[in-house]
Amino acid sequence: DQRGLMDKIRKELSRPENFCDPSYSITALASAIGSNTHYVSEAINATTGDNFRALLNRYRIDEGRRRLTSDPAYQSLTIKSIGESVGFKSASNFVIAFKKITGMTPSLYQKMAKEKSSKTAES
């Protein structure tokens with residue numbers, strides 16, 4: 001049952017200690033949920049239309065967006081440091097994945113979020 005397997009995959013991927021690990025792999029995911037890489041890959045492809053790497057990047061970028069804009073613990077970090085903190089091994093990979101998913105660079109996203117929050121604070 002691919003939906004049941006996908007529920008397990010999402011539950012496992014919802015934990016930042018998993019998806020923020022730069023060495024996290026489909027093998028680690030499959031092992032954690034008691035399946036094999038073929039079934040995990042098949043379930044991800046069939047239910048999301050993405051492959052494992054694209055799905056993993058989506059989780060990482062979602063967390064990166066949160067860290068860029070609303071987590072005080074990350075406010076003083078550089079874009080590169082935030083990218084590394086969510087599991088990207090290089091700043092360029094973080095920027096490429098971020099732009100692919102959001103349509104903008106992390107720095108532009110952060111700037112727009114700051115402008116929006118200052119306008120909200122002024123209101």
# chains A, B, ... in the order shown; residues from 1 in each chain; ligands from 1
>>> residues_around(residues="stretch 101-117 of chain A", least_positions_apart="5", cutoff="9 Å", atoms="only C-alpha atoms", output="number ranges by chain")
A: 57-58, 61, 64-65, 68-69, 79, 94-96, 122
>>> select_by_dssp(residues="chain A", states="alpha helix (DSSP H)", output="PyMOL selection string")
chain A and resi 2-13+16-19+26-33+37-48+52-69+79-85+91-102+106-122
>>> residues_around(residues="A:Ala28", least_positions_apart="6", cutoff="10 Å", atoms="only C-alpha atoms", output="PyMOL selection string")
chain A and resi 18+34+36-37
>>> write_last_selection(atoms="C-alpha atoms", output="JSON list (two decimals), in the first residue's frame")
[["chain", "number", "residue", "atom", "x", "y", "z"],
["A", 18, "ASN", "CA", 16.63, 13.35, 9.65],
["A", 34, "GLY", "CA", 11.27, -1.02, 7.68],
["A", 36, "ASN", "CA", 13.50, -1.16, 1.00],
["A", 37, "THR", "CA", 14.75, 1.58, -1.29]]
>>> closest_residue(among="A:Ser85, A:Gln2, A:Ser92, A:Thr78", to="A:Glu42", atoms="only C-alpha atoms")
A:Gln2
>>> residues_around(residues="A:Ala32", least_positions_apart="3", cutoff="10 Å", atoms="only C-alpha atoms", output="ChimeraX atom specification")
/A:8-9,12,26-29,35-36
>>> write_last_selection(atoms="all heavy atoms", output="short mmCIF file (atom, residue, chain, number, x, y, z; two decimals), in the first residue's frame")
data_model
loop_
_atom_site.label_atom_id
_atom_site.label_comp_id
_atom_site.auth_asym_id
_atom_site.auth_seq_id
_atom_site.Cartn_x
_atom_site.Cartn_y
_atom_site.Cartn_z
N LYS A 8 4.32 6.78 6.36
CA LYS A 8 5.52 6.49 7.15
C LYS A 8 6.69 7.36 6.69
O LYS A 8 7.47 7.87 7.50
CB LYS A 8 5.91 5.02 7.03
CG LYS A 8 4.99 4.06 7.72
CD LYS A 8 5.47 2.64 7.52
CE LYS A 8 4.55 1.63 8.18
NZ LYS A 8 5.00 0.25 7.92
N ILE A 9 6.81 7.54 5.38
CA ILE A 9 7.88 8.36 4.81
C ILE A 9 7.74 9.80 5.29
O ILE A 9 8.70 10.41 5.76
CB ILE A 9 7.87 8.29 3.26
CG1 ILE A 9 8.29 6.90 2.79
CG2 ILE A 9 8.74 9.38 2.64
CD1 ILE A 9 8.02 6.62 1.32
N GLU A 12 8.63 10.17 8.95
CA GLU A 12 10.08 10.10 9.14
C GLU A 12 10.76 11.39 8.66
O GLU A 12 11.66 11.90 9.29
CB GLU A 12 10.63 8.88 8.40
CG GLU A 12 12.00 8.46 8.80
CD GLU A 12 12.14 8.00 10.24
OE1 GLU A 12 11.16 7.56 10.88
OE2 GLU A 12 13.27 8.10 10.75
N ILE A 26 18.20 7.72 0.91
CA ILE A 26 17.01 6.89 0.74
C ILE A 26 17.21 5.56 1.46
O ILE A 26 16.25 4.98 1.96
CB ILE A 26 16.65 6.71 -0.76
CG1 ILE A 26 15.25 6.11 -0.90
CG2 ILE A 26 17.71 5.91 -1.49
CD1 ILE A 26 14.68 6.17 -2.31
N THR A 27 18.44 5.10 1.55
CA THR A 27 18.74 3.86 2.27
C THR A 27 18.43 4.03 3.76
O THR A 27 17.82 3.15 4.38
CB THR A 27 20.22 3.47 2.06
OG1 THR A 27 20.47 3.39 0.66
CG2 THR A 27 20.54 2.14 2.70
N ALA A 28 18.84 5.16 4.33
CA ALA A 28 18.56 5.44 5.75
C ALA A 28 17.06 5.54 5.99
O ALA A 28 16.54 5.02 6.98
CB ALA A 28 19.26 6.71 6.19
N LEU A 29 16.36 6.21 5.08
CA LEU A 29 14.91 6.35 5.19
C LEU A 29 14.23 5.00 5.13
O LEU A 29 13.40 4.66 5.99
CB LEU A 29 14.38 7.27 4.09
CG LEU A 29 12.86 7.39 3.95
CD1 LEU A 29 12.22 7.94 5.23
CD2 LEU A 29 12.50 8.26 2.77
N SER A 35 11.39 -0.72 5.29
CA SER A 35 11.08 -1.04 3.90
C SER A 35 12.39 -1.14 3.14
O SER A 35 13.46 -1.20 3.73
CB SER A 35 10.18 0.06 3.31
OG SER A 35 9.73 -0.32 2.02
N ASN A 36 12.28 -1.18 1.81
CA ASN A 36 13.50 -1.16 1.00
C ASN A 36 13.48 0.04 0.06
O ASN A 36 12.44 0.67 -0.14
CB ASN A 36 13.71 -2.48 0.26
CG ASN A 36 12.70 -2.72 -0.84
OD1 ASN A 36 12.43 -1.83 -1.65
ND2 ASN A 36 12.14 -3.91 -0.89
#
>>> closest_residue(among="A:Lys99, A:Arg60, A:Lys119, A:Arg67", to="A:Leu13", atoms="only C-alpha atoms")
A:Arg60
>>> closest_residue(among="A:Ile33, A:Gly87, A:Lys11, A:Ser25", to="A:Asp62", atoms="only C-alpha atoms")
A:Gly87
>>> residues_around(residues="A:Met6", least_positions_apart="2", cutoff="8 Å", atoms="only C-alpha atoms", output="JSON, numbers by chain")
{"A": [2, 3, 4, 8, 9, 10, 40, 43, 44, 47]}
>>> atom_distance(atom1="atom CA of A:Tyr24", atom2="atom CA of A:Ala91")
17.6 Å
>>> atom_distance(atom1="atom CA of A:Ala97", atom2="atom CA of A:Thr120")
28.7 Å
